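**Student:** Structure: start_2.cif, mmCIF, N, CA, C and O atoms.
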data_data
loop_
_atom_site.label_atom_id
_atom_site.label_comp_id
_atom_site.auth_asym_id
_atom_site.auth_seq_id
_atom_site.Cartn_x
_atom_site.Cartn_y
_atom_site.Cartn_z
N MET A 1 -1.46 27.17 4.83
CA MET A 1 -0.35 26.43 5.39
C MET A 1 -0.43 26.52 6.90
O MET A 1 -0.75 27.55 7.45
N SER A 2 -0.11 25.42 7.55
CA SER A 2 -0.12 25.39 9.00
C SER A 2 1.26 25.03 9.50
O SER A 2 2.06 24.44 8.80
N ASN A 3 1.53 25.38 10.77
CA ASN A 3 2.82 25.10 11.37
C ASN A 3 2.57 24.57 12.77
O ASN A 3 1.90 25.18 13.56
N ILE A 4 3.14 23.39 13.06
CA ILE A 4 2.98 22.76 14.36
C ILE A 4 4.31 22.86 15.09
O ILE A 4 5.34 22.44 14.58
N ASP A 5 4.32 23.44 16.30
CA ASP A 5 5.52 23.56 17.12
C ASP A 5 6.68 24.25 16.39
O ASP A 5 7.84 24.00 16.69
N ASN A 6 6.39 25.06 15.42
CA ASN A 6 7.41 25.78 14.65
C ASN A 6 8.45 24.86 14.03
O ASN A 6 9.51 25.32 13.63
N SER A 7 8.20 23.56 13.94
CA SER A 7 9.19 22.67 13.37
C SER A 7 8.66 21.86 12.19
O SER A 7 9.42 21.47 11.35
N ILE A 8 7.37 21.62 12.13
CA ILE A 8 6.78 20.86 11.04
C ILE A 8 5.71 21.71 10.38
O ILE A 8 4.75 22.10 11.03
N SER A 9 5.90 22.00 9.11
CA SER A 9 4.87 22.74 8.39
C SER A 9 4.23 21.80 7.37
O SER A 9 4.85 20.84 6.91
N PHE A 10 2.98 22.07 7.06
CA PHE A 10 2.28 21.24 6.08
C PHE A 10 1.28 22.08 5.32
O PHE A 10 0.79 23.10 5.81
N GLU A 11 1.00 21.65 4.12
CA GLU A 11 -0.05 22.26 3.31
C GLU A 11 -0.79 21.14 2.59
O GLU A 11 -0.16 20.36 1.86
N ILE A 12 -2.09 21.06 2.82
CA ILE A 12 -2.90 20.07 2.12
C ILE A 12 -3.11 20.61 0.70
O ILE A 12 -3.79 21.61 0.50
N GLN A 13 -2.49 19.95 -0.27
CA GLN A 13 -2.59 20.37 -1.67
C GLN A 13 -3.91 19.94 -2.29
O GLN A 13 -4.46 20.66 -3.11
N GLU A 14 -4.37 18.74 -1.91
CA GLU A 14 -5.62 18.21 -2.46
C GLU A 14 -6.25 17.26 -1.45
O GLU A 14 -5.58 16.39 -0.92
N ARG A 15 -7.52 17.46 -1.19
CA ARG A 15 -8.27 16.54 -0.34
C ARG A 15 -8.90 15.50 -1.26
O ARG A 15 -9.80 15.81 -2.03
N ILE A 16 -8.42 14.28 -1.15
CA ILE A 16 -8.85 13.23 -2.08
C ILE A 16 -10.10 12.53 -1.58
O ILE A 16 -11.03 12.30 -2.36
N GLY A 17 -10.13 12.17 -0.30
CA GLY A 17 -11.32 11.50 0.19
C GLY A 17 -11.29 11.23 1.68
O GLY A 17 -10.23 11.19 2.29
N THR A 18 -12.47 11.08 2.24
CA THR A 18 -12.64 10.75 3.66
C THR A 18 -12.90 9.26 3.76
O THR A 18 -13.79 8.73 3.11
N ILE A 19 -12.11 8.60 4.60
CA ILE A 19 -12.23 7.15 4.79
C ILE A 19 -13.21 6.84 5.91
O ILE A 19 -14.01 5.91 5.80
N ALA A 20 -13.17 7.61 6.99
CA ALA A 20 -14.06 7.40 8.14
C ALA A 20 -14.23 8.71 8.89
O ALA A 20 -13.34 9.54 8.90
N VAL A 21 -15.39 8.87 9.51
CA VAL A 21 -15.67 10.02 10.38
C VAL A 21 -16.02 9.46 11.75
O VAL A 21 -16.83 8.53 11.86
N TYR A 22 -15.38 10.01 12.79
CA TYR A 22 -15.56 9.51 14.15
C TYR A 22 -16.52 10.41 14.93
O TYR A 22 -16.68 11.59 14.59
N PRO A 23 -17.14 9.90 15.99
CA PRO A 23 -18.05 10.70 16.80
C PRO A 23 -17.41 11.96 17.37
O PRO A 23 -18.09 12.94 17.66
N THR A 24 -16.09 11.97 17.50
CA THR A 24 -15.37 13.14 18.02
C THR A 24 -15.30 14.28 17.01
O THR A 24 -14.88 15.39 17.34
N GLY A 25 -15.66 14.00 15.76
CA GLY A 25 -15.56 14.99 14.70
C GLY A 25 -14.28 14.82 13.87
O GLY A 25 -14.17 15.37 12.78
N TRP A 26 -13.33 14.06 14.39
CA TRP A 26 -12.12 13.78 13.64
C TRP A 26 -12.45 12.85 12.48
O TRP A 26 -13.46 12.13 12.51
N SER A 27 -11.61 12.86 11.44
CA SER A 27 -11.84 11.98 10.31
C SER A 27 -10.52 11.43 9.78
O SER A 27 -9.49 12.09 9.84
N LYS A 28 -10.58 10.19 9.29
CA LYS A 28 -9.43 9.58 8.62
C LYS A 28 -9.55 9.94 7.15
O LYS A 28 -10.60 9.70 6.53
N GLU A 29 -8.48 10.52 6.59
CA GLU A 29 -8.54 11.05 5.22
C GLU A 29 -7.34 10.63 4.40
O GLU A 29 -6.26 10.40 4.93
N LEU A 30 -7.55 10.57 3.10
CA LEU A 30 -6.47 10.45 2.12
C LEU A 30 -6.34 11.81 1.46
O LEU A 30 -7.29 12.31 0.87
N ASN A 31 -5.16 12.40 1.61
CA ASN A 31 -4.90 13.73 1.05
C ASN A 31 -3.54 13.74 0.37
O ASN A 31 -2.70 12.87 0.60
N LEU A 32 -3.32 14.75 -0.45
CA LEU A 32 -2.01 15.02 -1.02
C LEU A 32 -1.45 16.18 -0.22
O LEU A 32 -2.00 17.28 -0.24
N VAL A 33 -0.37 15.93 0.54
CA VAL A 33 0.15 16.90 1.50
C VAL A 33 1.62 17.20 1.23
O VAL A 33 2.42 16.29 0.98
N SER A 34 1.96 18.48 1.27
CA SER A 34 3.35 18.92 1.21
C SER A 34 3.83 19.14 2.64
O SER A 34 3.26 19.93 3.38
N TRP A 35 4.89 18.43 3.03
CA TRP A 35 5.46 18.54 4.37
C TRP A 35 6.74 19.36 4.30
O TRP A 35 7.61 19.08 3.48
N ASN A 36 6.84 20.37 5.14
CA ASN A 36 8.04 21.21 5.23
C ASN A 36 8.48 21.76 3.88
O ASN A 36 9.66 21.85 3.58
N GLY A 37 7.50 22.10 3.03
CA GLY A 37 7.79 22.70 1.73
C GLY A 37 8.26 21.73 0.68
O GLY A 37 8.63 22.14 -0.42
N GLY A 38 8.24 20.44 0.98
CA GLY A 38 8.70 19.42 0.02
C GLY A 38 7.63 19.07 -1.00
O GLY A 38 6.52 19.60 -1.00
N ALA A 39 8.00 18.14 -1.86
CA ALA A 39 7.06 17.66 -2.88
C ALA A 39 5.87 16.99 -2.18
O ALA A 39 6.06 16.31 -1.18
N PRO A 40 4.67 17.19 -2.70
CA PRO A 40 3.49 16.59 -2.09
C PRO A 40 3.55 15.06 -2.13
O PRO A 40 4.05 14.48 -3.08
N LYS A 41 3.03 14.43 -1.07
CA LYS A 41 2.96 12.98 -0.97
C LYS A 41 1.55 12.59 -0.57
O LYS A 41 0.83 13.36 0.06
N TYR A 42 1.16 11.39 -0.95
CA TYR A 42 -0.13 10.87 -0.51
C TYR A 42 -0.02 10.59 0.97
O TYR A 42 0.98 10.09 1.46
N ASP A 43 -1.06 10.92 1.70
CA ASP A 43 -1.01 10.90 3.15
C ASP A 43 -2.32 10.36 3.71
O ASP A 43 -3.40 10.82 3.33
N ILE A 44 -2.22 9.36 4.59
CA ILE A 44 -3.40 8.80 5.26
C ILE A 44 -3.21 9.01 6.76
O ILE A 44 -2.22 8.54 7.34
N ARG A 45 -4.14 9.75 7.38
CA ARG A 45 -4.08 9.99 8.83
C ARG A 45 -5.39 10.58 9.30
O ARG A 45 -6.23 10.98 8.50
N ASP A 46 -5.56 10.64 10.63
CA ASP A 46 -6.73 11.27 11.23
C ASP A 46 -6.47 12.76 11.39
O ASP A 46 -5.37 13.17 11.78
N TRP A 47 -7.50 13.55 11.08
CA TRP A 47 -7.43 15.01 11.18
C TRP A 47 -8.55 15.53 12.07
O TRP A 47 -9.66 15.01 12.05
N SER A 48 -8.27 16.60 12.79
CA SER A 48 -9.31 17.30 13.55
C SER A 48 -10.23 18.01 12.54
O SER A 48 -9.84 18.20 11.38
N PRO A 49 -11.42 18.41 12.98
CA PRO A 49 -12.34 19.07 12.05
C PRO A 49 -11.77 20.32 11.37
O PRO A 49 -12.07 20.60 10.21
N ASP A 50 -10.91 21.07 12.07
CA ASP A 50 -10.33 22.29 11.48
C ASP A 50 -9.02 22.04 10.74
O ASP A 50 -8.41 22.96 10.21
N HIS A 51 -8.56 20.79 10.70
CA HIS A 51 -7.32 20.39 10.04
C HIS A 51 -6.09 21.10 10.61
O HIS A 51 -5.08 21.26 9.94
N GLU A 52 -6.16 21.49 11.87
CA GLU A 52 -5.00 22.09 12.55
C GLU A 52 -4.25 21.06 13.39
O GLU A 52 -3.08 21.25 13.70
N SER A 53 -4.93 19.97 13.77
CA SER A 53 -4.31 18.90 14.55
C SER A 53 -4.47 17.60 13.80
O SER A 53 -5.42 17.41 13.04
N MET A 54 -3.51 16.69 14.02
CA MET A 54 -3.53 15.42 13.31
C MET A 54 -2.91 14.33 14.16
O MET A 54 -2.20 14.61 15.13
N SER A 55 -3.20 13.10 13.80
CA SER A 55 -2.57 11.96 14.44
C SER A 55 -1.36 11.55 13.60
O SER A 55 -1.10 12.11 12.54
N ARG A 56 -0.65 10.55 14.08
CA ARG A 56 0.40 9.97 13.25
C ARG A 56 -0.28 9.30 12.06
O ARG A 56 -1.41 8.84 12.15
N GLY A 57 0.46 9.22 10.98
CA GLY A 57 -0.12 8.62 9.80
C GLY A 57 0.95 7.98 8.94
O GLY A 57 2.06 7.72 9.39
N ILE A 58 0.62 7.79 7.68
CA ILE A 58 1.55 7.20 6.73
C ILE A 58 1.56 8.06 5.48
O ILE A 58 0.52 8.57 5.05
N THR A 59 2.76 8.26 4.92
CA THR A 59 2.89 8.99 3.67
C THR A 59 3.44 8.06 2.61
O THR A 59 4.25 7.17 2.91
N LEU A 60 2.99 8.25 1.39
CA LEU A 60 3.41 7.42 0.27
C LEU A 60 3.81 8.32 -0.90
O LEU A 60 3.08 9.26 -1.23
N LYS A 61 4.94 8.00 -1.52
CA LYS A 61 5.33 8.69 -2.76
C LYS A 61 4.42 8.19 -3.87
O LYS A 61 3.75 7.15 -3.73
N GLU A 62 4.40 8.92 -5.00
CA GLU A 62 3.49 8.56 -6.09
C GLU A 62 3.71 7.12 -6.56
O GLU A 62 2.76 6.37 -6.77
N GLY A 63 4.97 6.70 -6.70
CA GLY A 63 5.25 5.33 -7.14
C GLY A 63 4.76 4.28 -6.17
O GLY A 63 4.28 3.23 -6.56
N GLU A 64 4.86 4.57 -4.88
CA GLU A 64 4.36 3.65 -3.85
C GLU A 64 2.84 3.57 -3.92
O GLU A 64 2.27 2.48 -3.77
N MET A 65 2.19 4.70 -4.14
CA MET A 65 0.73 4.73 -4.21
C MET A 65 0.24 3.92 -5.41
O MET A 65 -0.76 3.20 -5.33
N LYS A 66 0.95 4.03 -6.54
CA LYS A 66 0.55 3.27 -7.74
C LYS A 66 0.61 1.78 -7.50
O LYS A 66 -0.17 1.02 -8.06
N LYS A 67 1.55 1.32 -6.66
CA LYS A 67 1.68 -0.11 -6.40
C LYS A 67 0.48 -0.68 -5.65
O LYS A 67 0.18 -1.86 -5.75
N ILE A 68 -0.20 0.16 -4.85
CA ILE A 68 -1.33 -0.36 -4.09
C ILE A 68 -2.68 -0.03 -4.72
O ILE A 68 -3.70 -0.47 -4.24
N SER A 69 -2.68 0.77 -5.77
CA SER A 69 -3.98 1.13 -6.38
C SER A 69 -4.31 0.27 -7.57
O SER A 69 -3.63 -0.58 -7.98
#
Mind converting the file's structure to structure tokens?

**Tutor:**
Amino acid sequence: MSNIDNSISFEIQERIGTIAVYPTGWSKELNLVSWNGGAPKYDIRDWSPDHESMSRGITLKEGEMKKIS
């Protein structure tokens, strides 16, 4: 589990897949992430190689994910 600025915590429950890898080492990924101890949600965003830093992204509940798959 990681904590950013002592206000947002996250835990990557499952790494589903890498969408793109950039020359900087960052990668765009689809993961199942629990935010602030909540139920895990599907999450698409860019991550640093150590998964300690991230960009803004989008989260989807399971029902939302089913609509696009």

**Student:** Between atom C of Trp26 of chain A and atom O of Ala39 of chain A, what distance in Å does the model show, to one decimal?

**Tutor:**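 Going from atom C of Trp26 of chain A over to atom O of Ala39 of chain A covers 23.3 Å.
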
**Student:** Which residues are close to segment 43-56 of chain A, i.e. within 4.5 Å by all atoms listed in the file, leaving aside same-chain residues fewer than 5 positions away? Reply as a ChimeraX atom specification.

**Tutor:** /A:25-31

**Student:** Quick one: axis-aligned box around all listed atoms of segment 50-61 of chain A, 3 Å on every side, centre and edge lengths in Å to one decimal, written as JSON.

**Tutor:**
{"center_x": -2.8, "center_y": 15.1, "center_z": 5.6, "size_x": 22.2, "size_y": 21.8, "size_z": 25.0}

**Student:** I would like the residues chosen by the PyMOL selection byres ((chain A and resi 12) around 7) on the shown file; could you give them as a list in words?

**Tutor:** Met1, Ser2, Phe10, Glu11, Gln13, Glu14, Arg15, Asn31, Leu32, Val33 and Ser34 of chain A

**Student:** Could you pull out all residues of chain A with a DSSP call of helix (DSSP H, G or I) and give them as a CSV table (one decimal) with N, CA, C and O atoms, keeping the file's coordinate frame?

**Tutor:**
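Printed below is result09.csv as written:
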chain,number,residue,atom,x,y,z
A,62,GLU,N,4.4,8.9,-5.0
A,62,GLU,CA,3.5,8.6,-6.1
A,62,GLU,C,3.7,7.1,-6.6
A,62,GLU,O,2.8,6.4,-6.8
A,63,GLY,N,5.0,6.7,-6.7
A,63,GLY,CA,5.2,5.3,-7.1
A,63,GLY,C,4.8,4.3,-6.2
A,63,GLY,O,4.3,3.2,-6.6
A,64,GLU,N,4.9,4.6,-4.9
A,64,GLU,CA,4.4,3.6,-3.8
A,64,GLU,C,2.8,3.6,-3.9
A,64,GLU,O,2.3,2.5,-3.8
A,65,MET,N,2.2,4.7,-4.1
A,65,MET,CA,0.7,4.7,-4.2
A,65,MET,C,0.2,3.9,-5.4
A,65,MET,O,-0.8,3.2,-5.3
A,66,LYS,N,1.0,4.0,-6.5
A,66,LYS,CA,0.6,3.3,-7.7
A,66,LYS,C,0.6,1.8,-7.5
A,66,LYS,O,-0.2,1.0,-8.1
A,67,LYS,N,1.6,1.3,-6.7
A,67,LYS,CA,1.7,-0.1,-6.4
A,67,LYS,C,0.5,-0.7,-5.6
A,67,LYS,O,0.2,-1.9,-5.8
A,68,ILE,N,-0.2,0.2,-4.8
A,68,ILE,CA,-1.3,-0.4,-4.1
A,68,ILE,C,-2.7,0.0,-4.7
A,68,ILE,O,-3.7,-0.5,-4.2
